[in-house]
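Asker: Pasting target_36.txt below, which is compact mmCIF, C-alpha atoms.
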```
# COMPACT_ATOMS: atom_id res chain seq x y z
CA MET S 670 34.72 -10.39 4.34
CA THR S 671 33.93 -7.28 2.31
CA VAL S 672 32.01 -8.00 -0.88
CA ILE S 673 32.55 -5.27 -3.45
CA ARG S 674 29.74 -5.24 -5.98
CA ALA S 675 30.31 -4.24 -9.56
CA ALA S 676 28.42 -1.25 -10.87
CA PRO S 677 25.02 -2.33 -12.18
CA THR S 678 24.71 -2.76 -15.93
CA LEU S 679 20.94 -2.29 -16.17
CA PRO S 680 19.70 0.54 -18.41
CA PRO S 681 18.92 3.84 -16.65
CA PRO S 682 15.34 4.92 -15.92
CA GLN S 683 13.65 6.80 -18.74
CA SER S 684 11.35 9.39 -17.21
CA CYS S 685 8.65 9.96 -14.60
CA ASP S 686 7.94 12.94 -12.38
CA THR S 687 5.92 12.95 -9.16
CA PHE S 688 5.04 15.97 -7.02
CA VAL S 689 3.34 16.64 -3.70
CA CYS S 690 2.59 19.69 -1.53
CA VAL S 691 1.27 18.67 1.89
CA GLN S 692 -1.40 20.73 3.66
CA ALA S 693 -1.27 23.61 1.20
CA PRO S 694 -3.40 26.58 2.35
CA SER S 695 -6.86 27.14 0.85
CA PRO S 696 -10.02 29.01 1.89
CA GLU S 697 -11.51 25.73 3.14
CA GLY S 698 -8.53 25.04 5.41
CA THR S 699 -5.69 23.05 3.89
CA GLY S 700 -5.32 20.36 1.27
CA THR S 701 -2.64 18.15 -0.19
CA LEU S 702 -1.80 18.62 -3.86
CA PHE S 703 -0.45 15.61 -5.78
CA GLY S 704 0.57 15.22 -9.40
CA LYS S 705 2.36 12.75 -11.62
CA ASN S 706 3.19 12.16 -15.27
CA SER S 707 3.55 8.53 -16.27
CA ASP S 708 6.21 8.19 -18.96
CA ARG S 709 6.20 4.83 -20.67
CA PRO S 710 6.92 3.28 -24.10
CA SER S 711 4.87 5.12 -26.70
CA GLU S 712 3.37 1.90 -28.09
CA GLU S 713 2.16 0.73 -24.66
CA ARG S 714 -1.57 1.20 -24.14
CA HIS S 715 -2.47 3.14 -21.00
CA GLU S 716 -5.85 2.97 -19.24
CA VAL S 717 -7.69 4.38 -16.24
CA ILE S 718 -9.72 1.78 -14.35
CA ARG S 719 -12.10 1.97 -11.43
CA ILE S 720 -11.93 -0.90 -8.92
CA LEU S 721 -14.89 -1.27 -6.55
CA ARG S 722 -14.64 -2.00 -2.84
CA ARG S 723 -14.84 -5.75 -2.29
CA GLN S 724 -15.05 -8.33 0.49
CA HIS S 725 -12.88 -11.41 -0.08
CA ASP S 726 -12.93 -15.02 1.10
CA GLU S 727 -10.45 -16.12 3.75
CA ASN S 728 -8.22 -18.19 1.44
CA GLU S 729 -8.56 -15.99 -1.63
CA VAL S 730 -5.43 -14.97 -3.56
CA VAL S 731 -4.72 -12.24 -6.08
CA ARG S 732 -2.72 -12.77 -9.25
CA CYS S 733 -0.42 -9.80 -9.79
CA THR S 734 1.57 -9.34 -13.01
CA PHE S 735 3.93 -12.27 -12.36
CA VAL S 736 3.29 -13.68 -8.88
CA THR S 737 0.34 -14.60 -6.67
CA VAL S 738 -0.10 -13.18 -3.15
CA PRO S 739 -2.77 -13.61 -0.44
CA GLN S 740 -5.80 -11.36 -0.82
CA ALA S 741 -6.89 -9.00 1.95
CA PRO S 742 -10.25 -9.54 3.73
CA GLU S 743 -11.40 -6.26 2.15
CA THR S 744 -10.01 -4.04 -0.60
CA LEU S 745 -10.88 -0.38 -1.05
CA GLU S 746 -12.43 1.34 -4.04
CA CYS S 747 -9.67 2.75 -6.23
CA ILE S 748 -9.15 4.70 -9.42
CA LEU S 749 -5.92 3.59 -11.11
CA SER S 750 -3.93 4.85 -14.09
CA LYS S 751 -1.89 1.99 -15.54
CA PRO S 752 -0.34 0.20 -18.50
CA ALA S 753 -3.07 -2.10 -19.80
CA TRP S 754 -0.93 -5.26 -19.74
CA ILE S 755 0.18 -4.87 -16.11
CA TRP S 756 -1.93 -5.75 -13.05
CA GLY S 757 -0.49 -2.88 -11.01
CA CYS S 758 -0.61 0.86 -11.62
CA GLU S 759 1.65 3.84 -12.25
CA MET S 760 -0.47 6.10 -10.03
CA GLY S 761 -3.86 6.17 -8.40
CA ALA S 762 -6.10 7.06 -5.50
CA ASN S 763 -8.47 5.29 -3.13
CA GLU S 764 -11.73 6.12 -1.38
CA ALA S 765 -9.90 6.76 1.92
CA GLY S 766 -8.19 9.83 0.44
CA VAL S 767 -4.81 8.21 -0.21
CA VAL S 768 -2.87 8.82 -3.44
CA GLY S 769 0.34 7.32 -4.71
CA GLY S 770 2.73 7.14 -7.62
CA ASN S 771 5.85 5.13 -8.38
CA GLU S 772 8.80 5.53 -10.68
CA ALA S 773 12.00 3.78 -11.67
CA ILE S 774 15.33 4.28 -9.93
CA HIS S 775 18.61 2.35 -9.98
CA THR S 776 21.01 1.76 -7.11
CA LEU S 777 24.26 -0.15 -6.62
CA LEU S 778 22.15 -3.14 -5.58
CA SER S 779 20.16 -3.38 -8.80
CA ASP S 780 22.05 -6.51 -9.83
CA GLU S 781 19.94 -8.37 -7.25
CA LEU S 782 17.02 -8.06 -9.66
CA VAL S 783 18.53 -10.36 -12.28
CA SER S 784 19.37 -14.04 -12.32
CA ASN S 785 22.99 -15.03 -11.75
CA ARG S 786 22.47 -17.85 -14.25
CA ASP S 787 21.38 -15.98 -17.36
CA GLY S 788 21.00 -12.30 -16.39
CA THR S 789 17.24 -12.22 -16.94
CA PRO S 790 14.99 -10.33 -14.52
CA ILE S 791 13.71 -12.41 -11.60
CA LYS S 792 9.91 -12.31 -11.72
CA SER S 793 8.58 -10.88 -8.47
CA LEU S 794 6.29 -7.95 -7.65
CA LEU S 795 6.67 -5.01 -9.98
CA GLY S 796 6.77 -1.58 -8.39
CA MET S 797 3.39 -0.97 -10.01
CA ASP S 798 2.03 -4.11 -8.35
CA LEU S 799 3.32 -2.88 -4.98
CA LEU S 800 1.58 0.44 -5.54
CA ARG S 801 -1.78 -1.11 -6.37
CA LEU S 802 -1.59 -3.51 -3.42
CA SER S 803 -0.87 -0.51 -1.19
CA LEU S 804 -3.74 1.61 -2.53
CA GLU S 805 -6.24 -1.25 -2.34
CA ARG S 806 -5.39 -1.74 1.35
CA GLY S 807 -4.02 1.53 2.75
CA THR S 808 -6.37 3.70 4.81
CA SER S 809 -3.76 6.46 5.22
CA ALA S 810 -0.54 7.44 3.51
CA LYS S 811 1.51 5.86 6.28
CA HIS S 812 -0.57 2.68 6.23
CA ALA S 813 -0.20 2.41 2.44
CA MET S 814 3.57 2.79 2.77
CA GLU S 815 3.66 0.12 5.46
CA VAL S 816 1.69 -2.25 3.23
CA CYS S 817 4.17 -1.58 0.44
CA ILE S 818 7.13 -2.36 2.71
CA GLN S 819 5.47 -5.54 3.96
CA PHE S 820 4.98 -6.94 0.46
CA LEU S 821 8.45 -5.76 -0.62
CA GLU S 822 10.13 -7.60 2.26
CA GLU S 823 8.09 -10.78 1.84
CA TYR S 824 8.05 -11.17 -1.95
CA GLY S 825 10.74 -8.85 -3.28
CA GLN S 826 10.53 -6.56 -6.29
CA GLY S 827 11.49 -7.16 -9.88
CA GLY S 828 10.50 -8.62 -13.20
CA PRO S 829 10.26 -7.42 -16.81
CA CYS S 830 8.78 -3.91 -16.78
CA CYS S 831 8.12 -3.64 -20.51
CA GLU S 832 5.85 -5.90 -22.55
CA ASP S 833 8.14 -5.74 -25.58
CA ASP S 834 11.49 -5.84 -23.75
CA GLU S 835 11.75 -8.58 -21.13
CA SER S 836 15.27 -7.52 -20.18
CA TRP S 837 14.20 -4.15 -18.76
CA THR S 838 13.75 -4.08 -14.99
CA TYR S 839 14.32 -1.55 -12.24
CA GLU S 840 14.03 -0.67 -8.57
CA ASN S 841 11.34 1.75 -7.46
CA SER S 842 10.63 4.91 -5.55
CA PHE S 843 7.17 5.96 -4.37
CA ILE S 844 5.30 8.93 -3.03
CA PHE S 845 2.28 8.20 -0.83
CA ALA S 846 0.16 11.09 0.44
CA ASP S 847 -3.09 11.94 2.18
CA ALA S 848 -4.56 15.20 3.44
CA SER S 849 -2.27 15.24 6.49
CA GLU S 850 1.16 14.01 5.40
CA GLY S 851 3.22 12.38 2.71
CA PHE S 852 6.05 9.86 2.44
CA VAL S 853 8.83 9.17 -0.01
CA LEU S 854 9.71 5.46 -0.04
CA GLU S 855 12.83 4.41 -1.96
CA THR S 856 13.98 0.85 -2.57
CA ALA S 857 17.29 -0.85 -3.35
CA GLY S 858 17.88 -4.34 -4.63
CA ARG S 859 15.08 -6.82 -4.12
CA LYS S 860 13.99 -6.01 -0.57
CA HIS S 861 15.83 -3.00 0.88
CA TRP S 862 14.17 0.36 1.56
CA ALA S 863 14.26 3.76 3.26
CA TRP S 864 11.52 6.30 3.84
CA GLU S 865 11.27 10.01 4.56
CA ARG S 866 8.21 11.86 5.87
CA ILE S 867 6.90 15.00 4.14
CA GLY S 868 5.26 17.14 6.80
CA PRO S 869 2.66 19.93 6.68
CA GLY S 870 3.61 22.89 4.52
CA LYS S 871 6.37 20.95 2.74
CA CYS S 872 6.66 20.22 -1.01
CA CYS S 873 8.62 17.41 -2.60
CA ASN S 874 9.31 15.99 -6.05
CA ILE S 875 11.06 12.88 -7.36
CA SER S 876 12.31 12.29 -10.91
CA ASN S 877 13.87 8.82 -11.25
CA GLY S 878 16.65 9.67 -8.82
CA ILE S 879 17.53 8.75 -5.25
CA SER S 880 16.55 11.64 -2.99
CA ILE S 881 16.70 10.48 0.64
CA ARG S 882 19.87 11.47 2.49
CA ARG S 883 20.34 11.44 6.28
CA ASN S 884 16.77 12.60 6.83
CA TRP S 885 15.28 9.10 6.68
CA GLY S 886 12.63 8.03 9.17
CA ALA S 887 13.54 4.34 8.97
CA VAL S 888 15.57 1.94 6.80
CA SER S 889 15.38 -1.81 6.23
CA LYS S 890 17.09 -3.84 8.93
CA ASP S 891 19.99 -5.27 6.90
CA ILE S 892 20.82 -2.38 4.59
CA GLN S 893 23.42 -0.78 6.87
CA SER S 894 25.27 -4.09 7.20
CA VAL S 895 25.23 -4.53 3.43
CA CYS S 896 26.57 -1.02 2.90
CA ARG S 897 29.30 -1.42 5.51
CA GLU S 898 30.44 -4.76 4.07
CA ASN S 899 30.69 -3.19 0.63
CA GLY S 900 32.64 -0.19 1.90
CA TRP S 901 29.85 2.26 1.08
CA TRP S 902 29.40 3.49 4.69
CA ASN S 903 31.72 4.07 7.63
CA GLY S 904 29.47 2.44 10.24
CA VAL S 905 28.51 5.61 12.12
CA VAL S 906 24.70 5.45 12.42
CA SER S 907 24.26 9.23 12.56
CA ASP S 908 26.27 9.47 9.34
CA PHE S 909 24.23 6.95 7.33
CA ASP S 910 23.40 8.80 4.12
CA TRP S 911 21.03 6.60 2.09
CA LYS S 912 21.77 8.24 -1.27
CA LYS S 913 25.53 8.32 -0.65
CA ALA S 914 25.55 4.66 0.37
CA VAL S 915 23.32 2.93 -2.19
CA GLY S 916 23.61 5.58 -4.88
CA THR S 917 27.28 6.49 -5.13
CA GLY S 918 28.95 3.85 -2.96
CA GLY S 919 30.25 6.40 -0.47
CA SER S 920 31.60 8.78 -3.11
CA VAL S 921 30.74 12.46 -3.09
CA VAL S 922 30.96 12.62 -6.88
CA GLY S 923 27.52 13.48 -8.23
CA LEU S 924 26.03 13.37 -4.75
CA GLU S 925 24.80 16.94 -4.59
CA SER S 926 23.72 17.21 -8.21
CA CYS S 927 20.10 18.01 -8.90
CA GLY S 928 19.65 18.68 -12.55
CA GLY S 929 17.29 18.19 -15.46
CA ARG S 930 13.69 17.38 -14.66
CA GLU S 931 14.31 17.11 -10.92
CA ALA S 932 15.74 20.62 -10.73
CA ALA S 933 13.02 22.01 -12.99
CA GLY S 934 10.33 20.34 -10.89
CA LEU S 935 11.80 21.69 -7.66
CA ALA S 936 11.96 25.18 -9.16
CA HIS S 937 8.30 24.89 -10.15
CA LEU S 938 7.28 23.84 -6.63
CA ASN S 939 9.30 26.64 -5.04
CA SER S 940 7.73 29.17 -7.41
CA VAL S 941 4.19 27.94 -6.69
CA LYS S 942 4.79 27.98 -2.93
CA ALA S 943 6.26 31.50 -3.08
CA ALA S 944 3.25 32.72 -5.08
CA SER S 945 0.88 31.14 -2.56
CA ASP S 946 2.73 32.74 0.38
CA SER S 947 2.53 36.17 -1.28
CA PHE S 948 -1.28 36.22 -1.41
CA GLN S 949 -3.20 38.12 1.25
CA SER S 950 -5.73 35.28 1.38
CA ALA S 951 -5.17 31.60 0.69
CA PRO S 952 -5.54 30.51 -2.96
CA SER S 953 -8.42 28.27 -3.98
CA PRO S 954 -8.15 24.52 -4.59
CA ARG S 955 -8.72 25.27 -8.27
CA TRP S 956 -5.64 27.52 -8.27
CA TRP S 957 -3.53 24.70 -6.86
CA VAL S 958 -4.84 22.19 -9.41
CA GLU S 959 -4.18 24.57 -12.29
CA LYS S 960 -0.65 25.22 -11.05
CA MET S 961 0.04 21.48 -10.97
CA ALA S 962 -1.35 21.17 -14.50
CA ASP S 963 1.11 23.88 -15.60
CA ILE S 964 3.98 21.89 -14.08
CA LEU S 965 2.94 18.61 -15.69
CA ARG S 966 2.57 20.35 -19.06
CA ASP S 967 6.14 21.74 -19.01
CA GLU S 968 7.59 20.31 -22.21
CA ASP S 969 10.75 22.46 -22.19
CA SER S 970 12.12 20.68 -19.09
CA GLY S 971 11.13 17.20 -20.22
CA ILE S 972 8.55 16.78 -17.44
CA CYS S 973 6.06 16.40 -20.29
CA PHE S 974 7.32 14.99 -23.55
CA ARG S 975 6.17 13.28 -26.72
CA ASP S 976 7.75 10.73 -29.00
CA ARG S 977 6.07 8.70 -31.69
CA HIS S 978 8.61 5.88 -31.30
CA GLY S 979 10.25 5.76 -27.90
CA PHE S 980 9.13 7.05 -24.51
CA CYS S 981 6.43 9.64 -23.95
CA SER S 982 4.05 10.93 -21.30
CA THR S 983 1.27 8.36 -21.59
CA GLY S 984 -0.89 9.37 -18.63
CA SER S 985 -1.20 12.06 -16.01
CA GLN S 986 -2.91 12.53 -12.62
CA ILE S 987 -3.64 15.55 -10.41
CA SER S 988 -5.31 15.16 -7.02
CA TRP S 989 -6.53 17.62 -4.39
CA LEU S 990 -7.09 16.10 -0.94
CA PRO S 991 -8.80 18.57 1.41
CA THR S 992 -8.61 18.20 5.17
CA THR S 993 -12.18 19.44 5.65
CA VAL S 994 -14.69 16.59 5.87
CA GLY S 995 -17.32 16.51 3.13
CA GLU S 996 -20.56 14.61 2.91
CA GLY S 997 -20.38 10.87 2.36
CA ASN S 998 -17.11 9.15 1.39
CA GLY S 999 -17.00 7.25 4.69
CA GLY S 1000 -16.32 10.36 6.74
CA HIS S 1001 -13.31 11.32 4.65
CA ALA S 1002 -13.08 14.66 2.90
CA ALA S 1003 -14.37 14.64 -0.66
CA SER S 1004 -11.24 14.54 -2.80
CA TYR S 1005 -10.84 15.52 -6.45
CA HIS S 1006 -8.83 13.51 -8.95
CA PHE S 1007 -8.06 14.50 -12.53
CA TYR S 1008 -6.79 12.06 -15.17
CA THR S 1009 -5.89 12.50 -18.81
CA GLY S 1010 -6.45 8.82 -19.58
CA ALA S 1011 -4.47 9.03 -22.82
CA SER S 1012 -1.48 10.69 -24.47
CA ASP S 1013 0.28 13.59 -22.78
CA PRO S 1014 -1.38 16.46 -20.88
CA LEU S 1015 -0.42 19.07 -23.46
CA LEU S 1016 -3.03 17.59 -25.78
CA THR S 1017 -5.48 15.64 -23.64
CA PRO S 1018 -7.73 17.47 -21.16
CA TYR S 1019 -7.77 16.49 -17.52
CA LYS S 1020 -11.07 14.84 -16.60
CA LEU S 1021 -12.48 14.92 -13.08
CA PHE S 1022 -13.12 11.79 -11.02
CA THR S 1023 -14.77 11.83 -7.58
CA PHE S 1024 -15.59 8.69 -5.61
CA ASP S 1025 -19.11 9.86 -4.74
CA ASN S 1026 -20.22 10.55 -8.31
CA GLU S 1027 -19.24 7.62 -10.53
CA ASP S 1028 -21.00 4.65 -12.08
CA GLY S 1029 -19.62 1.43 -13.48
CA CYS S 1030 -16.07 0.17 -13.37
CA CYS S 1031 -13.49 -1.24 -15.79
CA ASP S 1032 -11.65 1.16 -18.12
CA GLN S 1033 -14.18 4.02 -18.35
CA GLY S 1034 -13.64 4.10 -22.13
CA THR S 1035 -9.98 5.08 -21.79
CA ASN S 1036 -8.63 2.22 -23.94
CA LYS S 1037 -10.58 3.52 -26.92
CA LEU S 1038 -9.49 7.06 -26.10
CA TRP S 1039 -5.84 6.01 -25.96
CA ASN S 1040 -6.13 4.34 -29.36
CA LEU S 1041 -7.60 7.49 -30.92
CA TRP S 1042 -4.84 9.72 -29.59
CA ARG S 1043 -2.18 7.19 -30.59
CA SER S 1044 -3.50 7.09 -34.16
CA ARG S 1045 -3.34 10.88 -34.32
CA ALA S 1046 0.27 10.86 -33.09
CA LEU S 1047 1.35 8.30 -35.68
CA SER S 1048 -0.38 10.19 -38.48
CA ARG S 1049 1.02 13.53 -37.22
CA THR S 1050 -2.48 14.96 -37.06
CA THR S 1051 -2.47 18.39 -35.43
CA VAL S 1052 -5.13 19.73 -33.09
CA LYS S 1053 -6.80 22.76 -34.62
CA ALA S 1054 -7.99 25.67 -32.50
CA SER S 1055 -11.69 24.75 -32.72
CA LEU S 1056 -11.07 21.21 -31.44
CA ALA S 1057 -8.64 22.45 -28.77
CA ASN S 1058 -11.30 24.82 -27.44
CA GLU S 1059 -13.90 22.09 -27.21
CA LEU S 1060 -11.45 19.74 -25.51
CA SER S 1061 -10.52 22.43 -22.99
CA SER S 1062 -14.20 22.81 -22.08
CA ILE S 1063 -14.10 19.25 -20.70
CA GLU S 1064 -11.28 20.20 -18.34
CA GLU S 1065 -13.01 23.46 -17.45
CA GLU S 1066 -16.12 21.60 -16.36
CA GLY S 1067 -14.10 19.63 -13.81
CA LEU S 1068 -12.27 22.72 -12.60
CA SER S 1069 -15.57 24.56 -12.15
CA ILE S 1070 -16.76 21.77 -9.85
CA VAL S 1071 -13.68 22.24 -7.68
CA SER S 1072 -14.35 26.00 -7.67
CA SER S 1073 -17.97 25.56 -6.56
CA SER S 1074 -17.33 22.86 -3.98
CA ARG S 1075 -17.90 25.18 -1.00
CA LYS S 1076 -21.34 26.18 -2.21
CA SER S 1077 -22.68 23.03 -3.83
CA GLY S 1078 -20.69 20.25 -2.23
CA GLY S 1079 -19.10 19.61 -5.61
CA LYS S 1080 -22.09 17.71 -6.99
CA ARG S 1081 -22.14 17.27 -10.75
CA SER S 1082 -24.04 15.54 -13.49
CA SER S 1083 -21.08 14.36 -15.62
CA THR S 1084 -19.06 11.37 -14.51
CA PHE S 1085 -15.47 10.67 -15.48
CA ALA S 1086 -16.74 8.12 -18.02
CA ASN S 1087 -19.09 10.77 -19.48
CA MET S 1088 -16.17 13.13 -19.97
CA VAL S 1089 -14.10 10.41 -21.64
CA GLN S 1090 -17.00 9.67 -23.99
CA ARG S 1091 -17.36 13.37 -24.88
CA GLU S 1092 -13.68 13.49 -25.76
CA ILE S 1093 -14.00 10.35 -27.90
CA GLU S 1094 -16.97 11.83 -29.76
CA LEU S 1095 -15.08 15.06 -30.41
CA LEU S 1096 -12.09 13.22 -31.82
CA GLU S 1097 -14.23 10.96 -33.99
CA ARG S 1098 -16.49 13.77 -35.23
CA LYS S 1099 -14.00 16.57 -35.73
CA GLY S 1100 -10.89 14.63 -36.63
CA SER S 1101 -8.72 17.69 -36.22
```
Written as structure tokens, that's how I'd like the structure from this file.
Answerer:
Amino acid sequence: MTVIRAAPTLPPPQSCDTFVCVQAPSPEGTGTLFGKNSDRPSEERHEVIRILRRQHDENEVVRCTFVTVPQAPETLECILSKPAWIWGCEMGANEAGVVGGNEAIHTLLSDELVSNRDGTPIKSLLGMDLLRLSLERGTSAKHAMEVCIQFLEEYGQGGPCCEDDESWTYENSFIFADASEGFVLETAGRKHWAWERIGPGKCCNISNGISIRRNWGAVSKDIQSVCRENGWWNGVVSDFDWKKAVGTGGSVVGLESCGGREAAGLAHLNSVKAASDSFQSAPSPRWWVEKMADILRDEDSGICFRDRHGFCSTGSQISWLPTTVGEGNGGHAASYHFYTGASDPLLTPYKLFTFDNEDGCCDQGTNKLWNLWRSRALSRTTVKASLANELSSIEEEGLSIVSSSRKSGGKRSSTFANMVQREIELLERKGS
């Protein structure tokens, strides 16, 4: 019997934007460029934490935000950008050269996330929990995606996604990438999924919308049956359009639309790729990082936005993953990761993190940094030119390391925590 589901009543996603260019050309060979803005409630504290590689006992478990799952025998060193109250992360990277980001989407199956009894979200693994589990275990982009799918199928996704609003929940999409390839993974309901590979030379962006069409590499085993029973798909395997099925229920209305932040992001990527192709010699890794920073600082499109009471860009990440093998790092290429650690990237400088040049763990001072920037936002304190120049010097130091990587191996004296502390001191000393 066909079961026609009602349209979901959950609130729409607010905002997040994730970008990747796989095997972009550079003088050193190629590298993958990744970037994401995390857009969350403005009152929600955001932090950047370093998690060390660890060996775990056979029967050890890990407590995620709402549920407990078995621990892996070994977890990788990670740098994670996350809401402070949640176990998982919005975006991050691991020592194996894998990066990932997640964002909210909604499909026609989103009603599976709430209880039939009282309509409250069923507490399972948040998308952010799935991302952290994947980064702590995944030794490649594909492996991380497979870990994500495994946990999704076994435990399901869902649960309150806002500390101050327990009714807000959503399905998730992800981008996983390494120096060789990338993957978009999109979910529907509690346990359904589809993925698409992003190959060498390709760029991709997601902005809270379903993007996978007929170009999927695989889908969950029951999703086609579900879609056929609901009248969302005609049963022809070659005609299974993921977005058309779980997004519009088989309708063509709104199917081809690509507007707002998604369209702006795609235009940015196309422009950057065209500029790169026009050069006589390949652009430097620094050029790629700066171009991604420009994209993530685009306030006109809404990719970057501020709000004292509502949603705003609360954290940002840029990563460059070269294919050439550097010294150390377990035989992997030395990757470069930039995090704002607080507020939006229009105000806060990107600070460089590398796995071979960091000390300590925990929050790297980013909780205090977030509080300082939040206080300035609430008091409407502007950033004067003198302070802006000194803040930009922090970002410039990281960019100069990327520029000199061929000659010096990218070695530096300042750690990510040092840069955070310098920013804190500037804000406390100069005020404005």
Asker: How many Å separate CA of Ile987 (chain S) from CA of Phe703 (chain S)?
Answerer: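 These atoms are spaced 5.6 Å apart.
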Asker: Considering only C-alpha atoms, return as a ChimeraX atom specification whatever protein or nucleic-acid residues lie within 10 Å of Asp908 (chain S), sequence-local ones (same chain, fewer than 6 positions apart) excluded.
Answerer: /S:882-883,902
Asker: Between S:Pro1014, S:Gly878, S:Gly698, S:Gly929, which one has atoms that come closest to Ala848 (chain S), using only C-alpha atoms?
Answerer: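 Between S:Pro1014, S:Gly878, S:Gly698, S:Gly929, the residue approaching Ala848 (chain S) most closely is S:Gly698.
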Asker: Name the residues in contact with Phe820 (chain S) at a cut-off of 12 Å, using only C-alpha atoms, excluding same-chain residues fewer than 2 positions from it; report them as a count of residues only.
Answerer: 32
Asker: I'd like the neighbourhood of region 1016-1019 of chain S as a PyMOL selection string, where a residue qualifies if any of its atoms comes within 10 Å (using all atoms listed in the file), though same-chain residues fewer than 6 positions away should be ignored.
Answerer: chain S and resi 962+966+984-987+1006-1010+1038-1039+1042+1051-1052+1057+1059-1068+1085+1088-1089+1092
Asker: Report, in Å with one decimal, the straight-line distance from CA of Ala914 (chain S) to CA of Trp901 (chain S).
Answerer: 5.0 Å
Asker: Calculate how many Å separate CA of Leu990 (chain S) from CA of Thr1084 (chain S), rounding to one decimal.
Answerer: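 Distance reported for this atom pair: 18.7 Å.
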Asker: Kindly provide, as a PyMOL selection string, the polymer residues lying within 9 Å of (6.2, 11.6, -23.6), counting all atoms listed in the file and using the coordinates exactly as they appear in the file.
Answerer: chain S and resi 684+706-711+968+971-977+979-984+1012-1013
Asker: Neighbours of Ser950 (chain S) within 12 Å (only C-alpha atoms; same-chain residues fewer than 5 positions away dropped), as a list of chain:residue names?
Answerer: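 The residues satisfying every condition are S:Pro694, S:Ser695, S:Pro696, S:Glu697, S:Gly698, S:Ala944, S:Ser945.
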Asker: Can you tell me which residues surround Arg1098 (chain S) at a distance of at most 12 Å, considering all atoms listed in the file, apart from same-chain residues fewer than 4 positions away, and format the answer as a PyMOL selection string?
Answerer: chain S and resi 1041+1056+1059+1090-1094
Asker: All heavy atoms are needed for region 713-717 of chain S; please write them out as an mmCIF file, in the coordinates of the input.
Answerer:
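Written output follows (out38.cif):
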```cif
data_model
loop_
_atom_site.group_PDB
_atom_site.id
_atom_site.type_symbol
_atom_site.label_atom_id
_atom_site.label_comp_id
_atom_site.auth_asym_id
_atom_site.auth_seq_id
_atom_site.Cartn_x
_atom_site.Cartn_y
_atom_site.Cartn_z
ATOM 1 N N GLU S 713 2.822 1.439 -25.763
ATOM 2 C CA GLU S 713 2.160 0.730 -24.660
ATOM 3 C C GLU S 713 0.845 1.404 -24.304
ATOM 4 O O GLU S 713 0.806 2.564 -23.915
ATOM 5 C CB GLU S 713 3.087 0.710 -23.443
ATOM 6 C CG GLU S 713 2.524 -0.017 -22.234
ATOM 7 C CD GLU S 713 3.469 0.082 -21.057
ATOM 8 O OE1 GLU S 713 3.507 1.162 -20.413
ATOM 9 O OE2 GLU S 713 4.172 -0.899 -20.783
ATOM 10 N N ARG S 714 -0.241 0.662 -24.412
ATOM 11 C CA ARG S 714 -1.570 1.200 -24.140
ATOM 12 C C ARG S 714 -1.731 1.508 -22.655
ATOM 13 O O ARG S 714 -1.390 0.707 -21.795
ATOM 14 C CB ARG S 714 -2.627 0.188 -24.607
ATOM 15 C CG ARG S 714 -4.035 0.714 -24.672
ATOM 16 C CD ARG S 714 -4.859 -0.144 -25.625
ATOM 17 N NE ARG S 714 -4.518 -1.558 -25.548
ATOM 18 C CZ ARG S 714 -5.079 -2.417 -24.708
ATOM 19 N NH1 ARG S 714 -5.992 -2.010 -23.849
ATOM 20 N NH2 ARG S 714 -4.719 -3.686 -24.711
ATOM 21 N N HIS S 715 -2.267 2.685 -22.369
ATOM 22 C CA HIS S 715 -2.470 3.140 -21.000
ATOM 23 C C HIS S 715 -3.972 3.296 -20.739
ATOM 24 O O HIS S 715 -4.696 3.761 -21.610
ATOM 25 C CB HIS S 715 -1.763 4.482 -20.780
ATOM 26 C CG HIS S 715 -1.449 4.783 -19.353
ATOM 27 N ND1 HIS S 715 -0.254 4.456 -18.761
ATOM 28 C CD2 HIS S 715 -2.169 5.385 -18.386
ATOM 29 C CE1 HIS S 715 -0.256 4.853 -17.500
ATOM 30 N NE2 HIS S 715 -1.407 5.424 -17.250
ATOM 31 N N GLU S 716 -4.428 2.917 -19.561
ATOM 32 C CA GLU S 716 -5.850 2.970 -19.240
ATOM 33 C C GLU S 716 -6.062 3.500 -17.830
ATOM 34 O O GLU S 716 -5.156 3.483 -17.000
ATOM 35 C CB GLU S 716 -6.483 1.585 -19.373
ATOM 36 C CG GLU S 716 -5.902 0.560 -18.407
ATOM 37 C CD GLU S 716 -6.448 -0.846 -18.600
ATOM 38 O OE1 GLU S 716 -7.274 -1.045 -19.514
ATOM 39 O OE2 GLU S 716 -6.062 -1.749 -17.841
ATOM 40 N N VAL S 717 -7.278 3.975 -17.584
ATOM 41 C CA VAL S 717 -7.690 4.380 -16.240
ATOM 42 C C VAL S 717 -8.856 3.476 -15.839
ATOM 43 O O VAL S 717 -9.880 3.431 -16.527
ATOM 44 C CB VAL S 717 -8.113 5.854 -16.188
ATOM 45 C CG1 VAL S 717 -8.592 6.227 -14.789
ATOM 46 C CG2 VAL S 717 -6.960 6.756 -16.616
#
```
